[in-house]
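Written below as structure tokens is the structure these notes are about.
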Amino acid sequence: MIAELFAILFLLLCVYAAARDIETLTISNGLNAIIAFLFVPAVIISAPGWDVAGAHLLAGVIAFVVSVLLFTFGVFGGGDAKMIPGVMLWLGPEAAMPFVTAMAVVGGLLAATVIVARKLVPADAAPGFARGTMQHGAGVPYGVAIAGGAFYAIPFSPLLSGLGA
């Protein structure tokens with residue numbers, strides 16, 4: 001039961017990060033740290049074994065290296081580059097490809113939607129929480145795509161698949 005509460009908390013934090021990203025086009029370091037560090041007690045409580053815990057840690061480290069490289073080349077913002085490894089800690093290697101695939105699809109749809117919305121809706125007419133996103137030249141709130149990828153990949157993760165998603 002406690003492991004499920006940690007998993008639900010993880011998903012709620014992903015949703016919160018996506019919402020904050022829409023509003024401010026940033027994902028705070030503190031929020032990313034909470035997502036990453038909550039993995040530790042969750043994996044201890046769920047006790048999946050050293051092999052599973054180690055594989056999840058390795059997936060997080062690999063995601064961190066790739067995200068830093070993508071940030072360096074301007075593909076991701078800093079908050080996105082820090083959120084992805086935190087999410088990968090929770091998802092693990094079995095869910096990596098479904099996560100990346102879903103994140104890319106949601107990200108592409110999100111970018112297209114934002115581009116069209118910016119052309120059709122003046123930024124001043126957008127709801128208050130989305131005004132920053134609607135500014136011409138602003139980035140795309142990729143935290144939405146990261147959260148979408150995380151939700152999609154839940155069934156592939158040995159740590160999170162018990163949610164029945």
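Here's how to read the names in the structure tokens: chain A, B, ... by the order shown, residue numbers from 1 in each chain, ligand numbers from 1 in the order shown.
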
**Request:** Please give the complete set of residues from range 33-144 of chain A that DSSP, run on the backbone, assigns to alpha helix (DSSP H), formatted as JSON, numbers by chain.
**Result:** {"A": [33, 34, 35, 36, 37, 39, 40, 41, 42, 43, 44, 45, 46, 50, 51, 52, 53, 54, 55, 56, 57, 58, 59, 60, 61, 62, 63, 64, 65, 66, 67, 68, 69, 70, 71, 72, 78, 79, 80, 81, 82, 83, 84, 85, 86, 87, 88, 89, 90, 91, 96, 97, 98, 99, 100, 101, 102, 103, 104, 105, 106, 107, 108, 109, 110, 111, 112, 113, 114, 115, 116, 117, 118, 119, 120, 131, 132, 133, 134, 143, 144]}

**Prompt:** Which neighbours of Ala33 in chain A fall inside 10 Å, counting only C-alpha atoms, when residues of the same chain fewer than 4 positions from it are skipped, and could you give them as a list of chain:residue names?
**Reply:** A:Ser28, A:Asn29, A:Phe37, A:Leu38, A:Lys82, A:Met83, A:Gly86

Preceding selection exported with C-alpha atoms as an mmCIF file, in the first residue's frame:
```
data_model
loop_
_atom_site.group_PDB
_atom_site.id
_atom_site.type_symbol
_atom_site.label_atom_id
_atom_site.label_comp_id
_atom_site.auth_asym_id
_atom_site.auth_seq_id
_atom_site.Cartn_x
_atom_site.Cartn_y
_atom_site.Cartn_z
ATOM 1 C CA SER A 28 12.267 23.986 -10.733
ATOM 2 C CA ASN A 29 15.360 22.203 -9.492
ATOM 3 C CA PHE A 37 14.953 11.541 -4.343
ATOM 4 C CA LEU A 38 11.514 10.030 -3.635
ATOM 5 C CA LYS A 82 16.745 17.259 -15.116
ATOM 6 C CA MET A 83 13.197 15.885 -15.063
ATOM 7 C CA GLY A 86 14.288 11.573 -12.399
#
```

**Prompt:** What's the 9 Å shell around Phe6 in chain A, counting only C-alpha atoms, without same-chain residues fewer than 2 positions away, as an MDAnalysis selection string?
**Reply:** chainID A and resid 1:4 8:11 38:39 41:42

Take the residues that were just selected and, keeping N, CA, C and O atoms, output them as a PDB file, in the first residue's frame.
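The result, written out as part.pdb:
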```pdb
ATOM      1  N   MET A   1       0.819  -1.200   0.000  1.00  0.00           N
ATOM      2  CA  MET A   1       0.000   0.000   0.000  1.00  0.00           C
ATOM      3  C   MET A   1       0.859   1.258   0.000  1.00  0.00           C
ATOM      4  O   MET A   1       0.579   2.192  -0.730  1.00  0.00           O
ATOM      5  N   ILE A   2       1.922   1.271   0.797  1.00  0.00           N
ATOM      6  CA  ILE A   2       2.775   2.455   0.857  1.00  0.00           C
ATOM      7  C   ILE A   2       3.513   2.640  -0.470  1.00  0.00           C
ATOM      8  O   ILE A   2       3.677   3.764  -0.945  1.00  0.00           O
ATOM      9  N   ALA A   3       3.916   1.539  -1.088  1.00  0.00           N
ATOM     10  CA  ALA A   3       4.597   1.631  -2.390  1.00  0.00           C
ATOM     11  C   ALA A   3       3.670   2.265  -3.424  1.00  0.00           C
ATOM     12  O   ALA A   3       4.108   3.084  -4.245  1.00  0.00           O
ATOM     13  N   GLU A   4       2.393   1.923  -3.385  1.00  0.00           N
ATOM     14  CA  GLU A   4       1.426   2.509  -4.311  1.00  0.00           C
ATOM     15  C   GLU A   4       1.253   4.000  -4.053  1.00  0.00           C
ATOM     16  O   GLU A   4       1.098   4.787  -4.990  1.00  0.00           O
ATOM     17  N   ILE A   8       1.813   6.936  -6.751  1.00  0.00           N
ATOM     18  CA  ILE A   8       0.805   7.969  -7.016  1.00  0.00           C
ATOM     19  C   ILE A   8       1.405   9.356  -6.794  1.00  0.00           C
ATOM     20  O   ILE A   8       1.170  10.282  -7.583  1.00  0.00           O
ATOM     21  N   LEU A   9       2.217   9.502  -5.764  1.00  0.00           N
ATOM     22  CA  LEU A   9       2.888  10.773  -5.511  1.00  0.00           C
ATOM     23  C   LEU A   9       3.809  11.130  -6.682  1.00  0.00           C
ATOM     24  O   LEU A   9       3.853  12.285  -7.124  1.00  0.00           O
ATOM     25  N   PHE A  10       4.543  10.154  -7.192  1.00  0.00           N
ATOM     26  CA  PHE A  10       5.392  10.381  -8.353  1.00  0.00           C
ATOM     27  C   PHE A  10       4.575  10.911  -9.533  1.00  0.00           C
ATOM     28  O   PHE A  10       4.952  11.894 -10.184  1.00  0.00           O
ATOM     29  N   LEU A  11       3.448  10.271  -9.808  1.00  0.00           N
ATOM     30  CA  LEU A  11       2.615  10.693 -10.934  1.00  0.00           C
ATOM     31  C   LEU A  11       2.024  12.085 -10.705  1.00  0.00           C
ATOM     32  O   LEU A  11       1.963  12.901 -11.630  1.00  0.00           O
ATOM     33  N   LEU A  38      12.590  10.894  -4.135  1.00  0.00           N
ATOM     34  CA  LEU A  38      11.514  10.030  -3.635  1.00  0.00           C
ATOM     35  C   LEU A  38      11.632   8.601  -4.161  1.00  0.00           C
ATOM     36  O   LEU A  38      11.047   7.677  -3.608  1.00  0.00           O
ATOM     37  N   PHE A  39      12.412   8.435  -5.225  1.00  0.00           N
ATOM     38  CA  PHE A  39      12.654   7.090  -5.740  1.00  0.00           C
ATOM     39  C   PHE A  39      13.341   6.222  -4.689  1.00  0.00           C
ATOM     40  O   PHE A  39      13.040   5.028  -4.573  1.00  0.00           O
ATOM     41  N   PRO A  41      13.286   6.076  -1.151  1.00  0.00           N
ATOM     42  CA  PRO A  41      12.431   5.349  -0.201  1.00  0.00           C
ATOM     43  C   PRO A  41      11.414   4.443  -0.896  1.00  0.00           C
ATOM     44  O   PRO A  41      11.064   3.388  -0.373  1.00  0.00           O
ATOM     45  N   ALA A  42      10.972   4.839  -2.096  1.00  0.00           N
ATOM     46  CA  ALA A  42      10.002   3.995  -2.809  1.00  0.00           C
ATOM     47  C   ALA A  42      10.618   2.649  -3.173  1.00  0.00           C
ATOM     48  O   ALA A  42       9.975   1.603  -3.011  1.00  0.00           O
TER      49      ALA A  42
END
```

**Message:** I want to know what sits within 12 Å of Val105 in chain A, based on only C-alpha atoms, with residues of the same chain fewer than 6 positions away left out; could you give that as a PyMOL selection string?
**Reply:** chain A and resi 98-99+111-112+142+144-146+148-149+152

**Request:** Work out how far CA of Val140 in chain A is from CA of Ile22 in chain A, in Å to one decimal.
**Result:**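 Separation between CA of Ile22 in chain A and CA of Val140 in chain A: 8.1 Å.
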
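Residues in contact with Ala153 in chain A at 8 Å, where only C-alpha atoms are counted and same-chain residues fewer than 3 positions away are skipped, are listed as Leu91, Ala95, Ala96, Pro98, Phe99, Ala102, Gly149, Ala150, Phe156 and Ser157 of chain A.
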
Write the selection just made, keeping all heavy atoms, as an mmCIF file, in the first residue's frame?
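Listing of result_23.cif after writing:
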```cif
data_model
loop_
_atom_site.group_PDB
_atom_site.id
_atom_site.type_symbol
_atom_site.label_atom_id
_atom_site.label_comp_id
_atom_site.auth_asym_id
_atom_site.auth_seq_id
_atom_site.Cartn_x
_atom_site.Cartn_y
_atom_site.Cartn_z
ATOM 1 N N LEU A 91 10.898 4.703 -13.856
ATOM 2 C CA LEU A 91 10.426 3.813 -14.915
ATOM 3 C C LEU A 91 11.347 2.622 -15.151
ATOM 4 O O LEU A 91 10.882 1.516 -15.409
ATOM 5 C CB LEU A 91 10.254 4.598 -16.217
ATOM 6 C CG LEU A 91 9.171 5.664 -16.195
ATOM 7 C CD1 LEU A 91 9.185 6.434 -17.511
ATOM 8 C CD2 LEU A 91 7.807 5.067 -15.915
ATOM 9 N N ALA A 95 10.986 0.231 -19.378
ATOM 10 C CA ALA A 95 10.030 1.240 -19.836
ATOM 11 C C ALA A 95 10.699 2.358 -20.631
ATOM 12 O O ALA A 95 10.029 3.287 -21.072
ATOM 13 C CB ALA A 95 9.293 1.826 -18.634
ATOM 14 N N ALA A 96 12.012 2.266 -20.837
ATOM 15 C CA ALA A 96 12.742 3.368 -21.483
ATOM 16 C C ALA A 96 12.232 3.654 -22.894
ATOM 17 O O ALA A 96 11.945 4.806 -23.226
ATOM 18 C CB ALA A 96 14.241 3.074 -21.501
ATOM 19 N N PRO A 98 9.330 2.698 -24.467
ATOM 20 C CA PRO A 98 7.961 3.230 -24.499
ATOM 21 C C PRO A 98 7.890 4.681 -24.002
ATOM 22 O O PRO A 98 7.157 5.495 -24.566
ATOM 23 C CB PRO A 98 7.190 2.285 -23.568
ATOM 24 C CG PRO A 98 7.965 1.016 -23.587
ATOM 25 C CD PRO A 98 9.403 1.424 -23.740
ATOM 26 N N PHE A 99 8.682 4.996 -22.972
ATOM 27 C CA PHE A 99 8.700 6.364 -22.441
ATOM 28 C C PHE A 99 9.216 7.346 -23.479
ATOM 29 O O PHE A 99 8.577 8.368 -23.762
ATOM 30 C CB PHE A 99 9.563 6.429 -21.176
ATOM 31 C CG PHE A 99 9.887 7.824 -20.725
ATOM 32 C CD1 PHE A 99 8.894 8.678 -20.262
ATOM 33 C CD2 PHE A 99 11.197 8.285 -20.750
ATOM 34 C CE1 PHE A 99 9.189 9.969 -19.843
ATOM 35 C CE2 PHE A 99 11.504 9.568 -20.330
ATOM 36 C CZ PHE A 99 10.499 10.415 -19.881
ATOM 37 N N ALA A 102 6.710 7.660 -26.459
ATOM 38 C CA ALA A 102 5.512 8.435 -26.105
ATOM 39 C C ALA A 102 5.866 9.894 -25.851
ATOM 40 O O ALA A 102 5.114 10.803 -26.256
ATOM 41 C CB ALA A 102 4.839 7.828 -24.873
ATOM 42 N N GLY A 149 4.702 10.894 -21.410
ATOM 43 C CA GLY A 149 5.509 9.693 -21.627
ATOM 44 C C GLY A 149 5.563 8.822 -20.388
ATOM 45 O O GLY A 149 5.508 7.592 -20.474
ATOM 46 N N ALA A 150 5.673 9.461 -19.224
ATOM 47 C CA ALA A 150 5.714 8.703 -17.967
ATOM 48 C C ALA A 150 4.415 7.931 -17.752
ATOM 49 O O ALA A 150 4.444 6.743 -17.409
ATOM 50 C CB ALA A 150 5.977 9.641 -16.789
ATOM 51 N N PHE A 156 4.992 -0.725 -18.365
ATOM 52 C CA PHE A 156 6.252 -1.367 -18.737
ATOM 53 C C PHE A 156 7.274 -1.353 -17.605
ATOM 54 O O PHE A 156 8.327 -1.960 -17.712
ATOM 55 C CB PHE A 156 6.839 -0.679 -19.977
ATOM 56 C CG PHE A 156 5.912 -0.693 -21.155
ATOM 57 C CD1 PHE A 156 5.092 0.397 -21.427
ATOM 58 C CD2 PHE A 156 5.832 -1.802 -21.980
ATOM 59 C CE1 PHE A 156 4.226 0.387 -22.513
ATOM 60 C CE2 PHE A 156 4.967 -1.822 -23.069
ATOM 61 C CZ PHE A 156 4.159 -0.731 -23.324
ATOM 62 N N SER A 157 6.977 -0.638 -16.542
ATOM 63 C CA SER A 157 7.911 -0.477 -15.432
ATOM 64 C C SER A 157 7.616 -1.482 -14.330
ATOM 65 O O SER A 157 6.504 -1.518 -13.805
ATOM 66 C CB SER A 157 7.805 0.935 -14.856
ATOM 67 O OG SER A 157 8.524 1.043 -13.654
#
```

**Point-to-point distance from CA of Ala81 in chain A to CA of Ile34 in chain A, Å rounded to tenths** =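 Going from CA of Ala81 in chain A over to CA of Ile34 in chain A covers 14.8 Å.
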
**Message:** Under the rule that only C-alpha atoms are counted, which of A:Ile154, A:Met97, A:Leu159, A:Leu25 is the nearest residue to Gly78 in chain A?
**Reply:**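 Smallest distance to Gly78 in chain A is found for A:Leu25.
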
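Here CA of Phe64 in chain A and CA of Thr113 in chain A stand 27.8 Å from one another.
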
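Considering the residues A:Met134, A:Ser67, A:Gly49, A:Pro122 and counting only C-alpha atoms, Gly79 in chain A has its shortest atom-to-atom contact with A:Ser67.
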
**Request:** Write out as number ranges by chain which residues come within 12 Å of Leu58 in chain A when counting only C-alpha atoms, dropping same-chain ones fewer than 5 positions away.
**Result:** A: 50-53, 63-65, 85-86, 88-94, 96
